[in-house]
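Worksheet: the structure to be examined is printed underneath.
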Amino acid sequence: MIRFYFHPTPNPAKVALFLEESGLTYELVPVDTSKDEQHQPSFRAVNPNGKVPAIVDTDGPSGKEVRVFDSSAILLYLAEKTGRFLGQPSYRGELLSWLFFLGTGLGPFSGQAVHFQFAAPDGLDYAVNRYRREAERHYAVLDSQLAGRDYIVGSDYTIVDMSAWGCIDRASRVMKGTLDPLAPFPNVKRWFTAIDGRPAVARARTVGKDHGFKKVNDEEAKRALFPSNYPARRR
C-alpha cells in the first residue's frame, strides 16, 4: 500500500493524478503546510527536505518499506513499480528530459512567479518580471513541443503529461491579471483541455477535500511556508 503525504498544491496533485489513473491502493496522510506540519520530526523522517508530496511504499522492492520524495521521483518510481505510463522504451530519453524540464524549470519558475506576484512585498519589480518571463518562456518551449501532438512524449499519455498538468493547472496564478492565461500558448491550451477532461483528473481534484486544511494566511502560516524569511528556530 502507498501512504501518500498530501497538501492541495500543484506537486501533490500530480501524484494524486497518477494514483487515481493507476488504481493503486493508497492511504491519504494530510500534511497542513500552513500549520508547520511539514517541518515536524515525524514528517522529516519521510522527507528530510520538509516538503510535500512524499510517499511510503509499504511493499517496496523485495517487500521492504521504502520512502520516496519529490514529485518527479515519485511519478517515476510509481510508473516503474506498476509498469504503466512510461511510454515506449524508445522514448525513454525524451521522457526523462521532459520530466526533468518540468521538475527543474517550468515548475520552480512558475512557483516563484506566483510567490513574487502574490506573497512577496510590493516593490520587487525585478523579481516579478524575472520569474514571470521565465515561466512564460518555459510555457513557450512546451507549446512548441506540443505542436501537432496529443501528448508531450511520443504518442502515449505518460507521467510527463501528469506532471505538466499539475503545473499548468495554476496558469491563472502564474499569469496574474490575464483573463485567458493559455491564449498565447494554443497547443498547451488544447492539450490541457484534453488532459483536464480525463475522469481520473476529476477524481484527483477531490483528493483531500474532506480535510480542513488551513486557509488563513496569518503569521503562523507565513513562518511555516517561508521559513527562510525568518531567523532559524531551534526544534
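Each chain in the C-alpha cells gets a letter, A, B, ..., in the order shown, and its residues are numbered from 1; ligands are numbered from 1 in order too.
The protein and nucleic acid residues lying at most 12 Å from Gly148 (chain A) are Asp143, Ser144, Gln145, Leu146, Asp150, Tyr151, Ile152, Val153, Gly154, Ser155, Pro186, Asn187, Val188, Arg190 and Trp191 of chain A, with only C-alpha atoms considered and sequence neighbours fewer than 2 positions away removed.
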Emit the selected residues as a PDB file, in the first residue's frame, including N, CA, C and O atoms.
```pdb
ATOM      1  N   ASP A 143       4.849  24.660 -25.502  1.00  0.00           N
ATOM      2  CA  ASP A 143       3.902  24.872 -26.595  1.00  0.00           C
ATOM      3  C   ASP A 143       4.481  24.391 -27.921  1.00  0.00           C
ATOM      4  O   ASP A 143       3.776  23.773 -28.731  1.00  0.00           O
ATOM      5  N   SER A 144       5.752  24.676 -28.150  1.00  0.00           N
ATOM      6  CA  SER A 144       6.404  24.213 -29.382  1.00  0.00           C
ATOM      7  C   SER A 144       6.448  22.690 -29.443  1.00  0.00           C
ATOM      8  O   SER A 144       6.213  22.093 -30.500  1.00  0.00           O
ATOM      9  N   GLN A 145       6.740  22.052 -28.321  1.00  0.00           N
ATOM     10  CA  GLN A 145       6.796  20.590 -28.283  1.00  0.00           C
ATOM     11  C   GLN A 145       5.436  19.975 -28.591  1.00  0.00           C
ATOM     12  O   GLN A 145       5.357  18.895 -29.190  1.00  0.00           O
ATOM     13  N   LEU A 146       4.365  20.630 -28.191  1.00  0.00           N
ATOM     14  CA  LEU A 146       3.025  20.063 -28.346  1.00  0.00           C
ATOM     15  C   LEU A 146       2.391  20.354 -29.706  1.00  0.00           C
ATOM     16  O   LEU A 146       1.269  19.912 -29.963  1.00  0.00           O
ATOM     17  N   ASP A 150      -0.701  15.012 -29.375  1.00  0.00           N
ATOM     18  CA  ASP A 150      -1.710  14.857 -28.331  1.00  0.00           C
ATOM     19  C   ASP A 150      -1.076  14.784 -26.949  1.00  0.00           C
ATOM     20  O   ASP A 150      -1.715  15.155 -25.952  1.00  0.00           O
ATOM     21  N   TYR A 151       0.171  14.293 -26.910  1.00  0.00           N
ATOM     22  CA  TYR A 151       0.871  14.138 -25.635  1.00  0.00           C
ATOM     23  C   TYR A 151       2.285  14.683 -25.781  1.00  0.00           C
ATOM     24  O   TYR A 151       2.793  14.859 -26.885  1.00  0.00           O
ATOM     25  N   ILE A 152       2.935  14.904 -24.650  1.00  0.00           N
ATOM     26  CA  ILE A 152       4.239  15.568 -24.683  1.00  0.00           C
ATOM     27  C   ILE A 152       5.332  14.662 -25.223  1.00  0.00           C
ATOM     28  O   ILE A 152       6.214  15.102 -25.961  1.00  0.00           O
ATOM     29  N   VAL A 153       5.282  13.380 -24.880  1.00  0.00           N
ATOM     30  CA  VAL A 153       6.321  12.430 -25.300  1.00  0.00           C
ATOM     31  C   VAL A 153       5.694  11.332 -26.145  1.00  0.00           C
ATOM     32  O   VAL A 153       4.803  10.605 -25.666  1.00  0.00           O
ATOM     33  N   GLY A 154       6.142  11.216 -27.385  1.00  0.00           N
ATOM     34  CA  GLY A 154       5.650  10.143 -28.237  1.00  0.00           C
ATOM     35  C   GLY A 154       4.153  10.234 -28.464  1.00  0.00           C
ATOM     36  O   GLY A 154       3.571  11.331 -28.537  1.00  0.00           O
ATOM     37  N   SER A 155       3.503   9.077 -28.555  1.00  0.00           N
ATOM     38  CA  SER A 155       2.062   9.041 -28.820  1.00  0.00           C
ATOM     39  C   SER A 155       1.279   8.505 -27.637  1.00  0.00           C
ATOM     40  O   SER A 155       0.111   8.131 -27.780  1.00  0.00           O
ATOM     41  N   PRO A 186      -1.459  28.157 -27.654  1.00  0.00           N
ATOM     42  CA  PRO A 186      -2.628  27.391 -28.115  1.00  0.00           C
ATOM     43  C   PRO A 186      -2.447  25.874 -28.049  1.00  0.00           C
ATOM     44  O   PRO A 186      -3.420  25.150 -27.809  1.00  0.00           O
ATOM     45  N   ASN A 187      -1.229  25.413 -28.271  1.00  0.00           N
ATOM     46  CA  ASN A 187      -1.020  23.964 -28.205  1.00  0.00           C
ATOM     47  C   ASN A 187      -1.105  23.456 -26.771  1.00  0.00           C
ATOM     48  O   ASN A 187      -1.648  22.377 -26.516  1.00  0.00           O
ATOM     49  N   VAL A 188      -0.569  24.241 -25.845  1.00  0.00           N
ATOM     50  CA  VAL A 188      -0.699  23.886 -24.432  1.00  0.00           C
ATOM     51  C   VAL A 188      -2.165  23.918 -24.029  1.00  0.00           C
ATOM     52  O   VAL A 188      -2.655  23.029 -23.316  1.00  0.00           O
ATOM     53  N   ARG A 190      -4.888  23.450 -25.886  1.00  0.00           N
ATOM     54  CA  ARG A 190      -5.576  22.285 -26.448  1.00  0.00           C
ATOM     55  C   ARG A 190      -5.244  21.020 -25.677  1.00  0.00           C
ATOM     56  O   ARG A 190      -6.138  20.232 -25.316  1.00  0.00           O
ATOM     57  N   TRP A 191      -3.960  20.831 -25.414  1.00  0.00           N
ATOM     58  CA  TRP A 191      -3.509  19.648 -24.663  1.00  0.00           C
ATOM     59  C   TRP A 191      -4.097  19.644 -23.254  1.00  0.00           C
ATOM     60  O   TRP A 191      -4.607  18.623 -22.788  1.00  0.00           O
TER      61      TRP A 191
END
```
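Residues in contact range of Arg84 (chain A), defined as at most 10 Å between only C-alpha atoms, with sequence neighbours fewer than 2 positions away removed, read Phe18, Glu21, Ser22, Leu76, Leu78, Ala79, Glu80, Lys81, Thr82, Leu86, Gly87, Tyr157, Thr158 and Ile159 of chain A.
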Residues of the last selection are to be written out with N, CA and C atoms, as a short mmCIF file (atom, residue, chain, number, x, y, z; two decimals), in the first residue's frame.
```cif
data_model
loop_
_atom_site.label_atom_id
_atom_site.label_comp_id
_atom_site.auth_asym_id
_atom_site.auth_seq_id
_atom_site.Cartn_x
_atom_site.Cartn_y
_atom_site.Cartn_z
N PHE A 18 -1.68 10.39 -10.71
CA PHE A 18 -1.15 9.06 -11.02
C PHE A 18 -1.89 7.99 -10.23
N GLU A 21 -5.25 7.44 -11.71
CA GLU A 21 -5.16 6.79 -13.03
C GLU A 21 -4.82 5.31 -12.91
N SER A 22 -3.92 4.99 -11.98
CA SER A 22 -3.40 3.62 -11.88
C SER A 22 -4.29 2.71 -11.07
N LEU A 76 8.10 8.73 -11.28
CA LEU A 76 8.96 7.75 -11.94
C LEU A 76 8.96 6.44 -11.17
N LEU A 78 6.60 5.20 -9.14
CA LEU A 78 5.32 4.52 -9.26
C LEU A 78 5.09 3.97 -10.67
N ALA A 79 5.56 4.71 -11.67
CA ALA A 79 5.43 4.22 -13.04
C ALA A 79 6.25 2.95 -13.24
N GLU A 80 7.44 2.92 -12.68
CA GLU A 80 8.27 1.72 -12.79
C GLU A 80 7.71 0.58 -11.95
N LYS A 81 7.13 0.91 -10.81
CA LYS A 81 6.53 -0.12 -9.95
C LYS A 81 5.36 -0.81 -10.65
N THR A 82 4.54 -0.01 -11.33
CA THR A 82 3.35 -0.56 -11.97
C THR A 82 3.57 -0.95 -13.42
N LEU A 86 4.80 4.95 -18.77
CA LEU A 86 6.20 5.23 -19.08
C LEU A 86 6.42 5.46 -20.57
N GLY A 87 5.40 5.22 -21.39
CA GLY A 87 5.56 5.38 -22.83
C GLY A 87 6.38 4.24 -23.43
N TYR A 157 0.07 8.75 -23.41
CA TYR A 157 -0.15 9.50 -22.18
C TYR A 157 0.81 8.96 -21.12
N THR A 158 1.65 9.83 -20.56
CA THR A 158 2.69 9.38 -19.64
C THR A 158 2.73 10.24 -18.38
N ILE A 159 3.65 9.89 -17.51
CA ILE A 159 3.86 10.67 -16.29
C ILE A 159 4.29 12.10 -16.60
#
```
*Exercise: region 193-204 of chain A partners within 7 Å, only C-alpha atoms, chain neighbours under 6 positions left out, as a PyMOL selection string*: chain A and resi 13+16-17+20-21
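Here the question is which of A:Phe213, A:Phe226, A:Phe192, A:Phe116 gets nearest to Ala164 (chain A) using only C-alpha atoms, and that residue is A:Phe192.
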*Excluding Pro108 (chain A) and residues on its chain fewer than 3 positions from it, collect all residues at most 12 Å away from it, counting only C-alpha atoms, and give them as an MDAnalysis selection string.*
chainID A and resid 10:11 100:105 111:115 131:132 134:135 138 167 174
Pull N, CA, C and O atoms from the residues just selected and write them as an mmCIF file, in the first residue's frame.
```
data_model
loop_
_atom_site.group_PDB
_atom_site.id
_atom_site.type_symbol
_atom_site.label_atom_id
_atom_site.label_comp_id
_atom_site.auth_asym_id
_atom_site.auth_seq_id
_atom_site.Cartn_x
_atom_site.Cartn_y
_atom_site.Cartn_z
ATOM 1 N N PRO A 10 0.157 22.133 -6.329
ATOM 2 C CA PRO A 10 0.412 21.504 -7.628
ATOM 3 C C PRO A 10 1.214 20.214 -7.606
ATOM 4 O O PRO A 10 0.862 19.254 -8.300
ATOM 5 N N ASN A 11 2.307 20.154 -6.853
ATOM 6 C CA ASN A 11 3.128 18.947 -6.907
ATOM 7 C C ASN A 11 2.427 17.717 -6.332
ATOM 8 O O ASN A 11 2.464 16.640 -6.937
ATOM 9 N N PHE A 100 12.395 16.114 -16.285
ATOM 10 C CA PHE A 100 13.333 16.993 -15.580
ATOM 11 C C PHE A 100 13.128 18.454 -15.988
ATOM 12 O O PHE A 100 13.315 19.362 -15.163
ATOM 13 N N PHE A 101 12.758 18.705 -17.231
ATOM 14 C CA PHE A 101 12.432 20.059 -17.676
ATOM 15 C C PHE A 101 11.314 20.637 -16.813
ATOM 16 O O PHE A 101 11.369 21.792 -16.375
ATOM 17 N N LEU A 102 10.312 19.834 -16.538
ATOM 18 C CA LEU A 102 9.194 20.286 -15.709
ATOM 19 C C LEU A 102 9.610 20.437 -14.252
ATOM 20 O O LEU A 102 9.252 21.411 -13.584
ATOM 21 N N GLY A 103 10.379 19.461 -13.761
ATOM 22 C CA GLY A 103 10.736 19.446 -12.347
ATOM 23 C C GLY A 103 11.762 20.486 -11.951
ATOM 24 O O GLY A 103 11.782 20.943 -10.798
ATOM 25 N N THR A 104 12.617 20.881 -12.892
ATOM 26 C CA THR A 104 13.675 21.850 -12.568
ATOM 27 C C THR A 104 13.484 23.194 -13.260
ATOM 28 O O THR A 104 14.199 24.149 -12.946
ATOM 29 N N GLY A 105 12.542 23.280 -14.204
ATOM 30 C CA GLY A 105 12.350 24.502 -14.963
ATOM 31 C C GLY A 105 10.968 25.084 -14.808
ATOM 32 O O GLY A 105 10.736 25.988 -14.010
ATOM 33 N N GLY A 111 6.377 28.521 -9.720
ATOM 34 C CA GLY A 111 6.188 28.718 -8.287
ATOM 35 C C GLY A 111 6.732 30.036 -7.806
ATOM 36 O O GLY A 111 6.097 30.738 -6.993
ATOM 37 N N GLN A 112 7.911 30.410 -8.296
ATOM 38 C CA GLN A 112 8.488 31.691 -7.900
ATOM 39 C C GLN A 112 7.704 32.867 -8.487
ATOM 40 O O GLN A 112 7.566 33.922 -7.840
ATOM 41 N N ALA A 113 7.183 32.686 -9.692
ATOM 42 C CA ALA A 113 6.350 33.744 -10.269
ATOM 43 C C ALA A 113 5.120 33.981 -9.407
ATOM 44 O O ALA A 113 4.734 35.125 -9.141
ATOM 45 N N VAL A 114 4.500 32.893 -8.954
ATOM 46 C CA VAL A 114 3.334 33.021 -8.075
ATOM 47 C C VAL A 114 3.732 33.687 -6.762
ATOM 48 O O VAL A 114 3.042 34.594 -6.264
ATOM 49 N N HIS A 115 4.856 33.272 -6.204
ATOM 50 C CA HIS A 115 5.285 33.827 -4.914
ATOM 51 C C HIS A 115 5.496 35.332 -4.996
ATOM 52 O O HIS A 115 4.987 36.096 -4.167
ATOM 53 N N TYR A 131 10.833 36.180 -12.908
ATOM 54 C CA TYR A 131 10.203 34.863 -12.775
ATOM 55 C C TYR A 131 8.987 34.725 -13.684
ATOM 56 O O TYR A 131 8.745 33.647 -14.242
ATOM 57 N N ARG A 132 8.224 35.785 -13.842
ATOM 58 C CA ARG A 132 7.066 35.719 -14.743
ATOM 59 C C ARG A 132 7.523 35.454 -16.177
ATOM 60 O O ARG A 132 6.966 34.588 -16.874
ATOM 61 N N GLU A 134 10.371 34.146 -17.237
ATOM 62 C CA GLU A 134 10.970 32.813 -17.378
ATOM 63 C C GLU A 134 9.892 31.727 -17.379
ATOM 64 O O GLU A 134 10.001 30.740 -18.103
ATOM 65 N N ALA A 135 8.861 31.900 -16.573
ATOM 66 C CA ALA A 135 7.740 30.957 -16.610
ATOM 67 C C ALA A 135 7.105 30.957 -18.002
ATOM 68 O O ALA A 135 6.841 29.894 -18.582
ATOM 69 N N HIS A 138 9.206 29.070 -20.489
ATOM 70 C CA HIS A 138 9.045 27.620 -20.368
ATOM 71 C C HIS A 138 7.715 27.158 -20.980
ATOM 72 O O HIS A 138 7.643 26.100 -21.617
ATOM 73 N N CYS A 167 1.327 21.496 -13.127
ATOM 74 C CA CYS A 167 1.883 22.854 -13.255
ATOM 75 C C CYS A 167 0.915 23.785 -13.971
ATOM 76 O O CYS A 167 0.609 24.878 -13.487
ATOM 77 N N VAL A 174 0.059 31.995 -12.263
ATOM 78 C CA VAL A 174 1.366 32.310 -12.846
ATOM 79 C C VAL A 174 1.256 33.555 -13.720
ATOM 80 O O VAL A 174 2.109 34.455 -13.666
#
```
*Members of region 15-211 of chain A assigned strand (DSSP E or B) by DSSP, as number ranges by chain*: A: 26-30, 54-57, 66-69
*asked:* Can you pull out the residues contacting Glu220 (chain A)? Cut-off 10 Å, using only C-alpha atoms, and skip same-chain residues under 6 positions away; I want them as a PyMOL selection string.
replied: chain A and resi 34-36
Report as a PDB file with C-alpha atoms, in the first residue's frame all protein, DNA and RNA residues lying within 7 Å of Leu99 (chain A), evaluated on only C-alpha atoms, omitting residues in the same chain fewer than 4 positions from it.
```
ATOM      1  CA  SER A  72       9.154  13.712 -10.234  1.00  0.00           C
ATOM      2  CA  LEU A  95      10.570  11.097 -21.149  1.00  0.00           C
ATOM      3  CA  GLY A 103      10.736  19.446 -12.347  1.00  0.00           C
ATOM      4  CA  VAL A 160       5.199  13.704 -18.159  1.00  0.00           C
TER       5      VAL A 160
END
```
Just asking: which residues within region 159-206 of chain A are alpha helix (DSSP H) according to DSSP, as a compact mmCIF listing (two decimals) with all heavy atoms, in the first residue's frame?
```txt
# COMPACT_ATOMS: atom_id res chain seq x y z
N ILE A 159 3.65 9.89 -17.51
CA ILE A 159 3.86 10.67 -16.29
C ILE A 159 4.29 12.10 -16.60
O ILE A 159 4.11 12.99 -15.77
CB ILE A 159 4.88 9.99 -15.35
CG1 ILE A 159 6.22 9.73 -16.07
CG2 ILE A 159 4.30 8.72 -14.76
CD1 ILE A 159 7.31 9.19 -15.15
N VAL A 160 4.84 12.34 -17.78
CA VAL A 160 5.20 13.70 -18.16
C VAL A 160 3.95 14.56 -18.31
O VAL A 160 3.90 15.71 -17.86
CB VAL A 160 6.04 13.71 -19.45
CG1 VAL A 160 6.26 15.14 -19.94
CG2 VAL A 160 7.37 13.02 -19.22
N ASP A 161 2.91 13.99 -18.91
CA ASP A 161 1.65 14.72 -19.04
C ASP A 161 1.03 14.98 -17.67
O ASP A 161 0.48 16.06 -17.43
CB ASP A 161 0.67 13.93 -19.91
CG ASP A 161 1.19 13.74 -21.32
OD1 ASP A 161 1.26 14.73 -22.07
OD2 ASP A 161 1.55 12.61 -21.67
N MET A 162 1.13 14.01 -16.77
CA MET A 162 0.60 14.20 -15.42
C MET A 162 1.34 15.31 -14.70
O MET A 162 0.73 16.16 -14.03
CB MET A 162 0.71 12.89 -14.62
CG MET A 162 -0.09 11.75 -15.19
SD MET A 162 0.14 10.26 -14.18
CE MET A 162 -0.48 9.00 -15.32
N SER A 163 2.65 15.31 -14.82
CA SER A 163 3.46 16.34 -14.17
C SER A 163 3.14 17.72 -14.73
O SER A 163 2.96 18.69 -13.99
CB SER A 163 4.95 16.03 -14.34
OG SER A 163 5.74 17.00 -13.71
N ALA A 164 3.05 17.82 -16.05
CA ALA A 164 2.76 19.11 -16.68
C ALA A 164 1.36 19.58 -16.31
O ALA A 164 1.15 20.78 -16.09
CB ALA A 164 2.91 19.00 -18.19
N TRP A 165 0.41 18.66 -16.24
CA TRP A 165 -0.96 19.05 -15.85
C TRP A 165 -0.96 19.75 -14.49
O TRP A 165 -1.62 20.78 -14.31
CB TRP A 165 -1.87 17.82 -15.82
CG TRP A 165 -3.19 18.12 -15.18
CD1 TRP A 165 -4.28 18.71 -15.77
CD2 TRP A 165 -3.56 17.88 -13.82
NE1 TRP A 165 -5.30 18.85 -14.85
CE2 TRP A 165 -4.89 18.34 -13.64
CE3 TRP A 165 -2.91 17.30 -12.73
CZ2 TRP A 165 -5.56 18.26 -12.43
CZ3 TRP A 165 -3.58 17.22 -11.51
CH2 TRP A 165 -4.88 17.69 -11.37
N GLY A 166 -0.21 19.21 -13.54
CA GLY A 166 -0.16 19.82 -12.21
C GLY A 166 0.38 21.24 -12.24
O GLY A 166 -0.08 22.09 -11.47
N CYS A 167 1.33 21.50 -13.13
CA CYS A 167 1.88 22.85 -13.25
C CYS A 167 0.91 23.78 -13.97
O CYS A 167 0.61 24.88 -13.49
CB CYS A 167 3.19 22.81 -14.04
SG CYS A 167 4.55 21.90 -13.28
N ILE A 168 0.44 23.36 -15.13
CA ILE A 168 -0.38 24.22 -15.99
C ILE A 168 -1.73 24.52 -15.36
O ILE A 168 -2.36 25.54 -15.66
CB ILE A 168 -0.55 23.57 -17.38
CG1 ILE A 168 0.82 23.27 -18.02
CG2 ILE A 168 -1.37 24.47 -18.30
CD1 ILE A 168 1.69 24.48 -18.22
N ALA A 171 -2.06 28.04 -14.14
CA ALA A 171 -1.64 29.08 -15.08
C ALA A 171 -2.23 30.45 -14.75
O ALA A 171 -1.59 31.48 -14.94
CB ALA A 171 -2.01 28.68 -16.51
N SER A 172 -3.45 30.48 -14.24
CA SER A 172 -4.09 31.77 -13.96
C SER A 172 -3.37 32.53 -12.86
O SER A 172 -3.43 33.77 -12.81
CB SER A 172 -5.55 31.56 -13.58
OG SER A 172 -5.66 30.79 -12.39
N ARG A 173 -2.69 31.81 -11.98
CA ARG A 173 -1.91 32.48 -10.93
C ARG A 173 -0.52 32.85 -11.44
O ARG A 173 0.01 33.90 -11.10
CB ARG A 173 -1.81 31.58 -9.70
CG ARG A 173 -3.15 31.47 -8.98
CD ARG A 173 -3.09 30.60 -7.75
NE ARG A 173 -2.23 31.12 -6.69
CZ ARG A 173 -2.57 32.09 -5.84
NH1 ARG A 173 -3.75 32.68 -5.95
NH2 ARG A 173 -1.73 32.47 -4.90
N VAL A 174 0.06 31.99 -12.26
CA VAL A 174 1.37 32.31 -12.85
C VAL A 174 1.26 33.55 -13.72
O VAL A 174 2.11 34.46 -13.67
CB VAL A 174 1.89 31.12 -13.67
CG1 VAL A 174 3.21 31.47 -14.36
CG2 VAL A 174 2.08 29.89 -12.78
N PRO A 186 -1.46 28.16 -27.65
CA PRO A 186 -2.63 27.39 -28.12
C PRO A 186 -2.45 25.87 -28.05
O PRO A 186 -3.42 25.15 -27.81
CB PRO A 186 -2.83 27.87 -29.55
CG PRO A 186 -1.50 28.44 -29.96
CD PRO A 186 -0.91 29.02 -28.72
N ASN A 187 -1.23 25.41 -28.27
CA ASN A 187 -1.02 23.96 -28.20
C ASN A 187 -1.10 23.46 -26.77
O ASN A 187 -1.65 22.38 -26.52
CB ASN A 187 0.33 23.61 -28.82
CG ASN A 187 0.41 23.97 -30.29
OD1 ASN A 187 -0.51 23.68 -31.06
ND2 ASN A 187 1.48 24.63 -30.68
N VAL A 188 -0.57 24.24 -25.85
CA VAL A 188 -0.70 23.89 -24.43
C VAL A 188 -2.16 23.92 -24.03
O VAL A 188 -2.65 23.03 -23.32
CB VAL A 188 0.13 24.84 -23.55
CG1 VAL A 188 -0.18 24.59 -22.07
CG2 VAL A 188 1.62 24.65 -23.81
N LYS A 189 -2.89 24.92 -24.50
CA LYS A 189 -4.30 25.04 -24.14
C LYS A 189 -5.11 23.84 -24.65
O LYS A 189 -5.94 23.28 -23.91
CB LYS A 189 -4.88 26.34 -24.71
CG LYS A 189 -6.30 26.62 -24.29
CD LYS A 189 -6.74 28.01 -24.76
CE LYS A 189 -8.15 28.33 -24.25
NZ LYS A 189 -8.55 29.70 -24.64
N ARG A 190 -4.89 23.45 -25.89
CA ARG A 190 -5.58 22.29 -26.45
C ARG A 190 -5.24 21.02 -25.68
O ARG A 190 -6.14 20.23 -25.32
CB ARG A 190 -5.19 22.13 -27.93
CG ARG A 190 -5.60 20.81 -28.55
CD ARG A 190 -5.05 20.67 -29.97
NE ARG A 190 -3.63 20.94 -30.06
CZ ARG A 190 -2.68 20.06 -29.71
NH1 ARG A 190 -2.99 18.87 -29.22
NH2 ARG A 190 -1.40 20.39 -29.87
N TRP A 191 -3.96 20.83 -25.41
CA TRP A 191 -3.51 19.65 -24.66
C TRP A 191 -4.10 19.64 -23.25
O TRP A 191 -4.61 18.62 -22.79
CB TRP A 191 -1.98 19.65 -24.61
CG TRP A 191 -1.39 18.77 -23.56
CD1 TRP A 191 -1.06 17.44 -23.69
CD2 TRP A 191 -1.08 19.14 -22.22
NE1 TRP A 191 -0.56 16.97 -22.50
CE2 TRP A 191 -0.56 17.99 -21.59
CE3 TRP A 191 -1.16 20.32 -21.49
CZ2 TRP A 191 -0.15 18.01 -20.25
CZ3 TRP A 191 -0.77 20.35 -20.17
CH2 TRP A 191 -0.26 19.19 -19.56
N PHE A 192 -4.04 20.80 -22.56
CA PHE A 192 -4.53 20.86 -21.19
C PHE A 192 -6.02 20.56 -21.13
O PHE A 192 -6.48 19.82 -20.24
CB PHE A 192 -4.26 22.23 -20.58
CG PHE A 192 -4.76 22.35 -19.17
CD1 PHE A 192 -4.04 21.81 -18.11
CD2 PHE A 192 -5.98 22.97 -18.89
CE1 PHE A 192 -4.51 21.89 -16.81
CE2 PHE A 192 -6.45 23.06 -17.59
CZ PHE A 192 -5.72 22.52 -16.55
N THR A 193 -6.78 21.08 -22.06
CA THR A 193 -8.22 20.82 -22.08
C THR A 193 -8.50 19.33 -22.19
O THR A 193 -9.40 18.80 -21.52
CB THR A 193 -8.89 21.58 -23.24
OG1 THR A 193 -8.66 22.98 -23.07
CG2 THR A 193 -10.38 21.30 -23.30
N ALA A 194 -7.73 18.65 -23.03
CA ALA A 194 -7.92 17.20 -23.20
C ALA A 194 -7.55 16.44 -21.94
O ALA A 194 -8.29 15.55 -21.49
CB ALA A 194 -7.10 16.71 -24.39
N ILE A 195 -6.40 16.76 -21.35
CA ILE A 195 -5.98 16.06 -20.13
C ILE A 195 -6.95 16.36 -18.99
O ILE A 195 -7.34 15.46 -18.23
CB ILE A 195 -4.55 16.48 -19.73
CG1 ILE A 195 -3.55 16.15 -20.83
CG2 ILE A 195 -4.15 15.80 -18.42
CD1 ILE A 195 -3.43 14.70 -21.19
N ASP A 196 -7.36 17.60 -18.88
CA ASP A 196 -8.23 18.01 -17.77
C ASP A 196 -9.60 17.35 -17.84
O ASP A 196 -10.31 17.28 -16.84
CB ASP A 196 -8.38 19.53 -17.77
CG ASP A 196 -8.78 20.08 -16.42
OD1 ASP A 196 -8.11 19.73 -15.42
OD2 ASP A 196 -9.75 20.85 -16.34
N PRO A 199 -11.42 11.34 -16.66
CA PRO A 199 -12.13 11.02 -15.42
C PRO A 199 -11.23 11.00 -14.19
O PRO A 199 -11.65 11.40 -13.10
CB PRO A 199 -12.73 9.63 -15.71
CG PRO A 199 -12.87 9.59 -17.20
CD PRO A 199 -11.70 10.35 -17.73
N ALA A 200 -9.99 10.54 -14.36
CA ALA A 200 -9.08 10.48 -13.21
C ALA A 200 -8.72 11.86 -12.70
O ALA A 200 -8.45 12.03 -11.51
CB ALA A 200 -7.80 9.71 -13.57
N VAL A 201 -8.73 12.86 -13.58
CA VAL A 201 -8.46 14.23 -13.14
C VAL A 201 -9.57 14.70 -12.21
O VAL A 201 -9.32 15.31 -11.16
CB VAL A 201 -8.31 15.18 -14.34
CG1 VAL A 201 -8.32 16.64 -13.88
CG2 VAL A 201 -7.00 14.89 -15.07
N ALA A 202 -10.81 14.42 -12.58
CA ALA A 202 -11.93 14.80 -11.72
C ALA A 202 -11.81 14.15 -10.35
O ALA A 202 -12.07 14.78 -9.32
CB ALA A 202 -13.25 14.41 -12.39
N ARG A 203 -11.37 12.89 -10.32
CA ARG A 203 -11.20 12.20 -9.03
C ARG A 203 -10.03 12.80 -8.27
O ARG A 203 -10.10 12.98 -7.04
CB ARG A 203 -10.98 10.70 -9.25
CG ARG A 203 -12.18 9.99 -9.86
CD ARG A 203 -12.04 8.49 -9.75
NE ARG A 203 -10.88 7.96 -10.44
CZ ARG A 203 -10.86 7.60 -11.72
NH1 ARG A 203 -11.95 7.74 -12.47
NH2 ARG A 203 -9.76 7.11 -12.27
N ALA A 204 -8.95 13.12 -8.96
CA ALA A 204 -7.76 13.69 -8.30
C ALA A 204 -8.09 15.03 -7.66
O ALA A 204 -7.55 15.37 -6.61
CB ALA A 204 -6.62 13.84 -9.31
N ARG A 205 -8.99 15.79 -8.28
CA ARG A 205 -9.36 17.09 -7.73
C ARG A 205 -10.12 16.98 -6.42
O ARG A 205 -10.20 17.94 -5.65
CB ARG A 205 -10.19 17.88 -8.74
CG ARG A 205 -9.41 18.35 -9.95
CD ARG A 205 -10.23 19.35 -10.77
NE ARG A 205 -9.54 19.77 -11.98
CZ ARG A 205 -8.58 20.69 -12.03
NH1 ARG A 205 -8.18 21.27 -10.92
NH2 ARG A 205 -8.02 21.03 -13.19
N THR A 206 -10.69 15.81 -6.14
CA THR A 206 -11.44 15.63 -4.89
C THR A 206 -10.56 15.12 -3.75
O THR A 206 -11.01 15.08 -2.60
CB THR A 206 -12.61 14.65 -5.08
OG1 THR A 206 -12.11 13.32 -5.29
CG2 THR A 206 -13.48 15.06 -6.26
```
*For Phe85 (chain A), which residue among A:Arg3, A:Ser110, A:Val216, A:Leu19 is the nearest when counting only C-alpha atoms?*
A:Leu19
_Å distance separating CA of Ala183 (chain A) from CA of Pro121 (chain A), one decimal place_ = 28.7 Å
*Using only C-alpha atoms, find the one residue out of A:Val68, A:Leu182, A:Leu225, A:Ala54 that sits nearest to Arg170 (chain A).*
A:Leu182
*Just the residues within 10 Å of His39 (chain A), please, counting only C-alpha atoms, with nothing from its chain fewer than 2 positions along; format it as a PyMOL selection string.*
chain A and resi 31+33+35-37+41-45+47-51+224-225+227+235
